[in-house]
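A.B. asks: Okay, so here is coords-v7.tsv, and as you'll see once you scroll down, it has TSV, C-alpha atoms and all ligand atoms.
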chain	number	residue	atom	x	y	z
V	14	MET	CA	76.21	70.64	51.59
V	15	ARG	CA	79.89	71.18	52.13
V	16	ALA	CA	81.78	68.72	54.29
V	17	SER	CA	83.57	71.35	56.31
V	18	ILE	CA	82.97	75.00	56.85
V	19	SER	CA	85.92	77.23	57.58
V	20	PRO	CA	85.61	79.19	60.81
V	21	ALA	CA	86.40	82.49	59.09
V	22	SER	CA	83.63	82.11	56.55
V	23	SER	CA	81.06	81.20	59.20
V	24	VAL	CA	82.10	84.23	61.23
V	25	PHE	CA	81.62	86.34	58.15
V	26	ARG	CA	78.22	84.83	57.37
V	27	PHE	CA	77.16	85.30	60.96
V	28	LEU	CA	78.12	88.95	60.93
V	29	ARG	CA	76.39	89.47	57.58
V	30	ALA	CA	73.24	87.73	58.81
V	31	ILE	CA	72.99	89.80	61.94
V	32	SER	CA	73.86	93.04	60.18
V	33	SER	CA	70.87	92.69	57.88
V	34	ARG	CA	68.54	91.75	60.71
V	35	LYS	CA	69.87	93.41	63.82
V	36	THR	CA	71.56	96.65	62.87
V	37	GLY	CA	72.65	97.71	66.36
V	38	LEU	CA	74.50	94.49	67.01
V	39	ILE	CA	77.08	94.86	64.26
V	40	ALA	CA	78.32	98.10	65.80
V	41	PHE	CA	78.46	96.31	69.12
V	42	VAL	CA	80.56	93.47	67.72
V	43	ILE	CA	82.98	95.92	66.15
V	44	GLY	CA	83.14	97.79	69.46
V	45	LEU	CA	83.98	94.55	71.23
V	46	LEU	CA	86.80	93.82	68.81
V	47	ALA	CA	88.13	97.33	69.32
V	48	ILE	CA	88.06	97.05	73.11
V	49	SER	CA	89.84	93.70	73.18
V	50	THR	CA	92.49	94.95	70.76
V	51	ALA	CA	93.02	98.03	72.87
V	52	MET	CA	93.43	95.93	76.00
V	53	ALA	CA	95.86	93.52	74.38
V	54	GLY	CA	99.57	94.27	74.40
V	55	GLN	CA	99.77	96.23	77.60
V	56	TRP	CA	98.98	96.23	81.28
V	57	LEU	CA	98.29	99.76	82.42
V	58	PRO	CA	100.06	100.88	85.59
V	59	LEU	CA	97.58	101.28	88.50
V	60	GLY	CA	97.96	105.07	88.53
V	61	LYS	CA	96.86	105.25	84.90
V	62	ASP	CA	94.08	102.70	84.77
V	63	GLY	CA	91.30	105.20	85.45
V	64	VAL	CA	90.19	103.16	88.47
V	65	HIS	CA	92.83	103.93	91.12
V	66	ASP	CA	93.45	107.49	92.35
V	67	PRO	CA	97.01	108.29	91.15
V	68	ARG	CA	97.48	110.77	94.06
V	69	SER	CA	96.76	108.17	96.70
V	70	PRO	CA	99.88	106.96	98.56
V	71	ALA	CA	98.36	103.48	98.58
V	72	VAL	CA	98.92	103.14	94.82
V	73	LYS	CA	102.67	102.86	95.46
V	74	GLN	CA	102.10	100.05	97.99
V	75	LEU	CA	100.10	97.87	95.61
V	76	GLN	CA	101.64	95.35	93.26
V	77	GLN	CA	101.53	96.53	89.63
V	78	PRO	CA	99.53	94.35	87.18
V	79	ARG	CA	102.63	93.83	85.03
V	80	ASP	CA	104.61	92.40	87.97
V	81	ALA	CA	101.84	90.00	88.89
V	82	LEU	CA	100.42	88.97	85.50
V	83	SER	CA	103.55	88.71	83.35
V	84	LYS	CA	104.63	85.60	85.31
V	85	LEU	CA	101.50	83.63	84.43
V	86	THR	CA	100.71	81.52	81.33
V	87	PRO	CA	100.16	84.13	78.62
V	88	ASP	CA	97.13	84.64	76.43
V	89	THR	CA	96.55	87.09	73.59
V	90	PRO	CA	93.10	88.60	74.25
V	91	GLY	CA	91.54	90.14	77.33
V	92	ASN	CA	93.91	90.62	80.23
V	93	GLN	CA	96.46	88.33	78.57
V	94	VAL	CA	96.49	85.53	81.10
V	95	ARG	CA	95.33	81.99	80.26
V	96	TRP	CA	93.59	81.68	83.62
V	97	VAL	CA	92.43	78.05	83.35
V	98	GLN	CA	96.01	76.92	82.67
V	99	ALA	CA	97.48	79.23	85.31
V	100	LEU	CA	95.24	77.49	87.86
V	101	GLU	CA	95.88	73.97	86.56
V	102	LYS	CA	99.66	74.45	86.58
V	103	GLY	CA	99.50	75.77	90.14
V	104	GLU	CA	100.82	79.21	89.19
V	105	ILE	CA	97.99	80.60	91.28
V	106	THR	CA	96.26	78.99	94.24
V	107	PRO	CA	93.20	81.11	95.02
V	108	ARG	CA	91.48	80.57	98.35
V	109	GLU	CA	88.47	78.33	97.79
V	110	LYS	CA	86.22	79.86	100.41
V	111	LEU	CA	86.02	82.58	103.04
V	112	TYR	CA	84.05	80.65	105.65
V	113	PRO	CA	84.92	77.16	106.88
V	114	GLN	CA	81.28	76.05	106.70
V	115	THR	CA	80.95	76.82	102.98
V	116	GLU	CA	80.62	73.62	100.93
V	117	VAL	CA	82.88	73.64	97.85
V	118	ARG	CA	81.00	72.08	94.96
V	119	LYS	CA	82.69	70.94	91.75
V	120	LEU	CA	81.37	69.05	88.76
V	121	ASP	CA	83.39	67.33	86.03
V	122	ARG	CA	80.93	67.15	83.16
V	123	ASP	CA	81.18	68.57	79.67
V	124	ILE	CA	78.06	69.61	77.82
V	125	ILE	CA	77.86	69.92	74.07
V	126	LEU	CA	75.53	72.64	72.90
V	127	ASP	CA	74.68	71.97	69.30
V	128	VAL	CA	74.44	75.14	67.29
V	129	ASN	CA	72.05	75.71	64.42
V	130	GLY	CA	73.85	76.75	61.28
V	131	GLY	CA	77.45	76.59	60.20
V	132	MET	CA	79.36	77.33	63.39
V	133	PRO	CA	81.08	74.44	65.18
V	134	ALA	CA	79.22	73.16	68.25
V	135	VAL	CA	79.95	74.62	71.69
V	136	ARG	CA	81.62	72.63	74.45
V	137	PHE	CA	80.69	73.91	77.89
V	138	PRO	CA	83.08	72.40	80.45
V	139	HIS	CA	81.70	72.27	84.02
V	140	ARG	CA	85.03	71.42	85.64
V	141	GLN	CA	86.87	74.50	84.41
V	142	HIS	CA	83.98	76.65	85.61
V	143	THR	CA	83.39	75.08	89.00
V	144	GLU	CA	87.10	75.49	89.85
V	145	TRP	CA	86.24	79.17	90.25
V	146	LEU	CA	82.48	79.37	90.57
V	147	ASP	CA	79.73	77.85	92.66
V	148	CYS	CA	76.71	76.27	90.96
V	149	LYS	CA	74.60	79.21	92.19
V	150	ASN	CA	76.37	81.56	89.80
V	151	CYS	CA	74.53	79.84	86.95
V	152	HIS	CA	71.80	77.55	88.35
V	153	ASP	CA	68.91	78.10	88.18
V	154	GLY	CA	69.29	81.78	87.34
V	155	ILE	CA	71.12	82.06	84.02
V	156	PHE	CA	70.84	78.38	83.06
V	157	LYS	CA	68.40	75.62	83.98
V	158	MET	CA	69.98	72.43	85.32
V	159	ARG	CA	68.79	70.39	82.37
V	160	THR	CA	70.46	70.33	78.97
V	161	GLY	CA	68.39	72.01	76.32
V	162	GLU	CA	65.96	73.74	78.73
V	163	THR	CA	67.53	77.16	78.32
V	164	LYS	CA	67.27	78.71	74.87
V	165	ILE	CA	70.84	79.91	74.47
V	166	SER	CA	71.57	82.29	71.61
V	167	MET	CA	74.57	84.22	70.36
V	168	PHE	CA	72.43	87.34	70.11
V	169	LEU	CA	71.72	87.28	73.86
V	170	ILE	CA	75.34	86.36	74.66
V	171	LEU	CA	76.58	89.40	72.72
V	172	GLN	CA	74.15	91.52	74.73
V	173	GLY	CA	75.82	90.41	77.95
V	174	GLU	CA	73.35	87.69	78.93
V	175	GLN	CA	73.89	83.93	79.40
V	176	CYS	CA	77.61	83.13	78.75
V	177	GLY	CA	78.08	86.87	78.11
V	178	VAL	CA	77.42	87.67	81.77
V	179	CYS	CA	81.06	86.67	82.33
V	180	HIS	CA	82.70	86.25	78.92
V	181	GLY	CA	83.66	89.67	77.69
V	182	ALA	CA	83.43	90.99	81.26
V	183	VAL	CA	85.55	88.91	83.67
V	184	ALA	CA	86.42	85.87	81.53
V	185	PHE	CA	87.98	85.59	78.06
V	186	PRO	CA	86.27	87.85	75.50
V	187	LEU	CA	83.63	86.90	72.95
V	188	THR	CA	86.00	87.60	70.08
V	189	GLU	CA	87.56	84.17	70.84
V	190	CYS	CA	84.80	82.35	68.93
V	191	MET	CA	86.63	79.03	68.62
V	192	ARG	CA	87.37	78.68	72.32
V	193	CYS	CA	83.64	78.02	72.79
V	194	HIS	CA	82.76	76.78	69.31
V	195	SER	CA	85.44	74.10	69.56
V	196	ILE	CA	83.68	70.96	68.32
V	197	SER	CA	83.56	70.63	64.55
V	198	LYS	CA	80.44	69.17	63.04
V	199	GLN	CA	80.11	66.38	60.48
V	200	PRO	CA	77.09	66.63	58.21
V	201	GLY	CA	74.30	64.31	59.32
V	202	ARG	CA	75.95	63.35	62.63
V	203	LYS	CA	75.49	64.59	66.15
V	204	PRO	CA	78.57	66.50	67.31
V	205	GLU	CA	80.61	64.53	69.83
V	206	MET	CA	83.68	65.08	71.93
V	207	PRO	CA	86.84	64.45	69.91
V	208	ALA	CA	89.07	61.64	71.21
V	209	ALA	CA	92.09	63.93	71.36
V	210	ILE	CA	91.29	67.34	72.69
V	211	ASN	CA	93.58	70.09	71.45
V	212	PRO	CA	95.55	71.05	74.57
V	213	GLN	CA	95.79	74.63	73.36
V	214	MET	CA	92.02	74.85	73.51
V	215	HIS	CA	91.19	72.63	76.46
V	216	GLN	CA	92.89	70.43	78.97
V	217	PRO	CA	91.36	66.95	78.81
V	218	THR	CA	89.02	66.68	81.78
V	219	GLY	CA	90.11	64.86	84.89
V	220	THR	CA	93.87	65.13	84.43
V	221	GLY	CA	94.03	68.04	86.86
V	222	GLN	CA	97.68	68.77	86.02
V	301	LIG	C1	79.29	78.95	84.49
V	301	LIG	C2	77.95	78.43	84.55
V	301	LIG	C3	77.68	77.11	85.23
V	301	LIG	C4	78.08	76.69	86.49
V	301	LIG	C5	78.93	77.42	87.51
V	301	LIG	C6	77.49	75.39	86.69
V	301	LIG	N1	76.76	75.03	85.58
V	301	LIG	FE1	75.64	73.36	85.34
V	301	LIG	N2	75.14	73.90	83.43
V	301	LIG	C7	75.56	75.07	82.81
V	301	LIG	C8	75.08	75.07	81.44
V	301	LIG	C9	75.33	76.15	80.41
V	301	LIG	C10	74.34	73.88	81.28
V	301	LIG	C11	73.58	73.44	80.03
V	301	LIG	C12	72.23	74.11	80.03
V	301	LIG	C13	71.40	73.84	78.81
V	301	LIG	O1	71.79	73.06	77.94
V	301	LIG	O2	70.31	74.41	78.72
V	301	LIG	C14	74.39	73.17	82.56
V	301	LIG	C15	73.76	71.96	82.82
V	301	LIG	C16	73.80	71.30	84.04
V	301	LIG	C17	73.12	70.06	84.32
V	301	LIG	C18	72.30	69.26	83.34
V	301	LIG	C19	73.26	68.36	82.63
V	301	LIG	C20	72.62	67.24	81.93
V	301	LIG	O3	73.39	66.37	81.49
V	301	LIG	O4	71.39	67.23	81.81
V	301	LIG	C21	73.40	69.73	85.61
V	301	LIG	C22	72.91	68.50	86.39
V	301	LIG	C23	74.25	70.76	86.16
V	301	LIG	N3	74.46	71.71	85.17
V	301	LIG	C24	74.75	70.78	87.44
V	301	LIG	C25	75.64	71.71	87.95
V	301	LIG	C26	76.23	71.65	89.28
V	301	LIG	C27	75.94	70.57	90.32
V	301	LIG	C28	77.06	72.73	89.39
V	301	LIG	C29	77.98	73.10	90.55
V	301	LIG	C30	78.88	72.05	91.02
V	301	LIG	C31	76.98	73.47	88.12
V	301	LIG	N4	76.11	72.80	87.28
V	301	LIG	C32	77.65	74.63	87.85
V	301	LIG	C33	76.29	76.07	83.39
V	301	LIG	C34	76.86	76.06	84.66
V	302	LIG	C1	79.41	83.03	85.90
V	302	LIG	C2	80.48	83.30	84.95
V	302	LIG	C3	80.58	82.48	83.67
V	302	LIG	C4	79.57	82.11	82.81
V	302	LIG	C5	78.09	82.43	82.91
V	302	LIG	C6	80.21	81.35	81.76
V	302	LIG	N1	81.56	81.28	81.96
V	302	LIG	FE1	82.92	80.28	80.78
V	302	LIG	N2	84.41	80.81	82.08
V	302	LIG	C7	84.25	81.61	83.21
V	302	LIG	C8	85.54	81.76	83.87
V	302	LIG	C9	85.80	82.59	85.13
V	302	LIG	C10	86.47	81.03	83.11
V	302	LIG	C11	87.98	80.88	83.39
V	302	LIG	C12	88.71	82.15	83.04
V	302	LIG	C13	88.97	82.31	81.56
V	302	LIG	O1	89.23	81.31	80.85
V	302	LIG	O2	88.93	83.47	81.08
V	302	LIG	C14	85.74	80.44	81.99
V	302	LIG	C15	86.30	79.62	81.02
V	302	LIG	C16	85.61	79.06	79.95
V	302	LIG	C17	86.19	78.19	78.95
V	302	LIG	C18	87.66	77.83	78.86
V	302	LIG	C19	87.96	76.46	79.39
V	302	LIG	C20	89.43	76.10	79.16
V	302	LIG	O3	89.72	74.92	79.27
V	302	LIG	O4	90.25	76.99	78.86
V	302	LIG	C21	85.20	77.88	78.06
V	302	LIG	C22	85.31	77.00	76.83
V	302	LIG	C23	84.00	78.54	78.51
V	302	LIG	N3	84.28	79.24	79.66
V	302	LIG	C24	82.77	78.47	77.87
V	302	LIG	C25	81.58	79.01	78.36
V	302	LIG	C26	80.28	78.87	77.72
V	302	LIG	C27	80.04	78.16	76.42
V	302	LIG	C28	79.37	79.52	78.52
V	302	LIG	C29	77.88	79.62	78.34
V	302	LIG	C30	77.15	78.36	78.06
V	302	LIG	C31	80.10	80.06	79.66
V	302	LIG	N4	81.43	79.72	79.52
V	302	LIG	C32	79.51	80.76	80.71
V	302	LIG	C33	83.09	82.16	83.66
V	302	LIG	C34	81.83	81.98	83.11
V	303	LIG	C1	81.61	82.20	75.63
V	303	LIG	C2	81.33	81.23	74.61
V	303	LIG	C3	81.05	81.69	73.18
V	303	LIG	C4	81.85	82.49	72.40
V	303	LIG	C5	83.18	83.13	72.75
V	303	LIG	C6	81.17	82.60	71.12
V	303	LIG	N1	80.00	81.87	71.15
V	303	LIG	FE1	78.67	81.68	69.59
V	303	LIG	N2	77.44	80.53	70.78
V	303	LIG	C7	77.73	80.16	72.08
V	303	LIG	C8	76.61	79.38	72.60
V	303	LIG	C9	76.52	78.76	73.98
V	303	LIG	C10	75.65	79.31	71.55
V	303	LIG	C11	74.29	78.63	71.57
V	303	LIG	C12	74.43	77.15	71.38
V	303	LIG	C13	73.07	76.51	71.25
V	303	LIG	O1	72.45	76.65	70.18
V	303	LIG	O2	72.61	75.88	72.20
V	303	LIG	C14	76.22	80.03	70.41
V	303	LIG	C15	75.58	80.16	69.17
V	303	LIG	C16	76.16	80.75	68.06
V	303	LIG	C17	75.57	80.74	66.73
V	303	LIG	C18	74.26	80.07	66.35
V	303	LIG	C19	73.16	81.04	66.08
V	303	LIG	C20	72.72	81.87	67.26
V	303	LIG	O3	72.52	83.09	67.08
V	303	LIG	O4	72.61	81.38	68.38
V	303	LIG	C21	76.45	81.42	65.91
V	303	LIG	C22	76.28	81.67	64.41
V	303	LIG	C23	77.57	81.85	66.75
V	303	LIG	N3	77.36	81.42	68.03
V	303	LIG	C24	78.64	82.57	66.26
V	303	LIG	C25	79.70	83.02	67.07
V	303	LIG	C26	80.77	83.90	66.59
V	303	LIG	C27	80.91	84.40	65.16
V	303	LIG	C28	81.60	84.12	67.66
V	303	LIG	C29	82.85	85.00	67.73
V	303	LIG	C30	82.67	86.39	67.34
V	303	LIG	C31	81.06	83.38	68.80
V	303	LIG	N4	79.90	82.74	68.39
V	303	LIG	C32	81.64	83.34	70.04
V	303	LIG	C33	78.87	80.46	72.80
V	303	LIG	C34	79.90	81.28	72.38
Translate this file's structure into structure tokens.
Ligand code: HEC
Ligand code: HEC
Ligand code: HEC

C.D. replies:
Amino acid sequence: MRASISPASSVFRFLRAISSRKTGLIAFVIGLLAISTAMAGQWLPLGKDGVHDPRSPAVKQLQQPRDALSKLTPDTPGNQVRWVQALEKGEITPREKLYPQTEVRKLDRDIILDVNGGMPAVRFPHRQHTEWLDCKNCHDGIFKMRTGETKISMFLILQGEQCGVCHGAVAFPLTECMRCHSISKQPGRKPEMPAAINPQMHQPTGTGQ
């Protein structure tokens, strides 16, 4: 057994494994890569995004994506904003709730999902999710509230289930393998949280800066 497995080679082996077993998925993965590459590098003006009616006078009243998004902490994939950092640095201050009676629930707990095979383990951070989302978005629909009760698989994620309900749709895309698979594994040992967390990947929990 090798002591360390390079991310690129495990990506390759993963793609090769699924291409022999699940033929449709490989095309899907390539499609995903193509979409995220196409989205990177530009913010389309509202009149050209295929969503807003370019003839509507309202389009001129609205703020253009470039004006709003170019001021926030940049990212390379998706819509090119590092949203978790934009929130933590106070660049954006979204309203927490519409109704005064709504209880805002947050949880600061990381969960390590150990992955079978060569990929690094997955760190699921509750805090960074519950800054935006209520528990109901995930519990008990997509995920059970007990570690290990939900059978999570990359195949289902790539099909838009589990983490893929949001990642690749409204949150950073699935092409960013290492943002989820961020905990390297030592042979024969359970993966654990590294003492120093790479700030490019994650803010250490609880600092709230
Ligand atoms: C974005 C999705 C998401 C949101 C939002 C979310 N969770 Fe979770 N939660 C998970 C996942 C994924 C797991 C791990 C499930 C597994 O291993 O099967 C988990 C596990 C848990 C567990 C079990 C942990 C353990 O150590 O056994 C608890 C308790 C929990 N969540 C509570 C909450 C609460 C309370 C909230 C709201 C404040 C919340 N979660 C919001 C995704 C979410
Ligand atoms: C209900 C929606 C939803 C689900 C389900 C979900 N996420 Fe997220 N996730 C988000 C949002 C929103 C963000 C913040 C925006 C962004 O980073 O693109 C985020 C951010 C993250 C981050 C970045 C944290 C940081 O510090 O930058 C990681 C890692 C992550 N998610 C992992 C996962 C994993 C693993 C799963 C499945 C176990 C999952 N997420 C399921 C919505 C979701
Ligand atoms: C949004 C978070 C997220 C991203 C991005 C992500 N994964 Fe995963 N991946 C997971 C989770 C969660 C699991 C299941 C962990 C477990 O076994 O409990 C998983 C499992 C896996 C597995 C184990 C086998 C299986 O089918 O479940 C492989 C291999 C894998 N991922 C490869 C990749 C590759 C390659 C990429 C990039 C193209 C990627 N992952 C991107 C969250 C993610």

A.B. asks: For atom C10 of ligand LIG 301 (chain V) and atom CA of Arg118 of chain V, determine how far apart the two atoms are, in Å to one decimal place.

C.D. replies: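 Computing the Euclidean distance for atom C10 of ligand LIG 301 (chain V) and atom CA of Arg118 of chain V yields 15.3 Å.
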
A.B. asks: Give the answer as one residue: which of V:Thr188, V:Asn150, V:Ser166, V:Gln172 has the shortest atom-to-atom distance to ligand LIG 301 (chain V), using only C-alpha atoms and all ligand atoms?

C.D. replies: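 Between V:Thr188, V:Asn150, V:Ser166, V:Gln172, the residue approaching ligand LIG 301 (chain V) most closely is V:Asn150.
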
A.B. asks: Residues contacting ligand LIG 301 (chain V) - anything with an atom at most 12 Å away, using only C-alpha atoms and all ligand atoms - can you give me those as an MDAnalysis selection string?

C.D. replies: chainID V and resid 116:128 135:166 170 174:180 183:184 193

A.B. asks: Figure out the distance between atom CA of Met167 of chain V and atom C8 of ligand LIG 303 (chain V), please, to one decimal in Å.

C.D. replies: 5.7 Å

A.B. asks: Which is closer to Leu187 of chain V than all the others in V:Phe168, V:Glu205, V:Lys84, V:Asn129, using only C-alpha atoms?

C.D. replies: V:Phe168

A.B. asks: Grab the atom CA of Gly173 of chain V to atom CA of Thr115 of chain V distance for me, in Å with one decimal place.

C.D. replies: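 The value is 28.9 Å.
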
A.B. asks: For each of V:His194, V:Lys110, V:Arg68, V:Arg202, take the minimum atom-to-atom distance to ligand LIG 302 (chain V), counting all atoms listed in the file, then give the residue where this is smallest.

C.D. replies: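 Between V:His194, V:Lys110, V:Arg68, V:Arg202, the residue approaching ligand LIG 302 (chain V) most closely is V:His194.
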
A.B. asks: Ligand LIG 303 (chain V), all listed atoms, 6 Å padding on each side: what axis-aligned box centre and edge lengths in Å to one decimal come out, as JSON?

C.D. replies:
{"center_x": 77.8, "center_y": 81.1, "center_z": 70.0, "size_x": 22.7, "size_y": 22.5, "size_z": 23.2}

A.B. asks: Pick the closest to ligand LIG 303 (chain V) from V:Tyr112, V:Pro90, V:Leu100, V:Gly201: which is it, counting all atoms listed in the file?

C.D. replies: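 For ligand LIG 303 (chain V), the nearest of the given residues is V:Pro90.
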
A.B. asks: In terms of the shortest atom-to-atom distance over all atoms listed in the file, which of V:Leu59, V:Pro133, V:Lys203, V:Val64 is closest to Asp80 of chain V?

C.D. replies: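 The closest residue to Asp80 of chain V is V:Leu59.
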
A.B. asks: I'd like to know which of V:Lys102, V:Arg192, V:Lys61, V:Arg79 is closest to ligand LIG 302 (chain V), using only C-alpha atoms and all ligand atoms.

C.D. replies: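 Closest to ligand LIG 302 (chain V), using only C-alpha atoms and all ligand atoms: V:Arg192.
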
A.B. asks: Excluding same-chain residues fewer than 6 positions from segment 71-75 of chain V, what lies within 10 Å of it counting all atoms listed in the file, as a list of chain:residue names?

C.D. replies: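 Neighbouring residues, sequence-local ones excluded: V:Pro58, V:Leu59, V:Gly60, V:His65.
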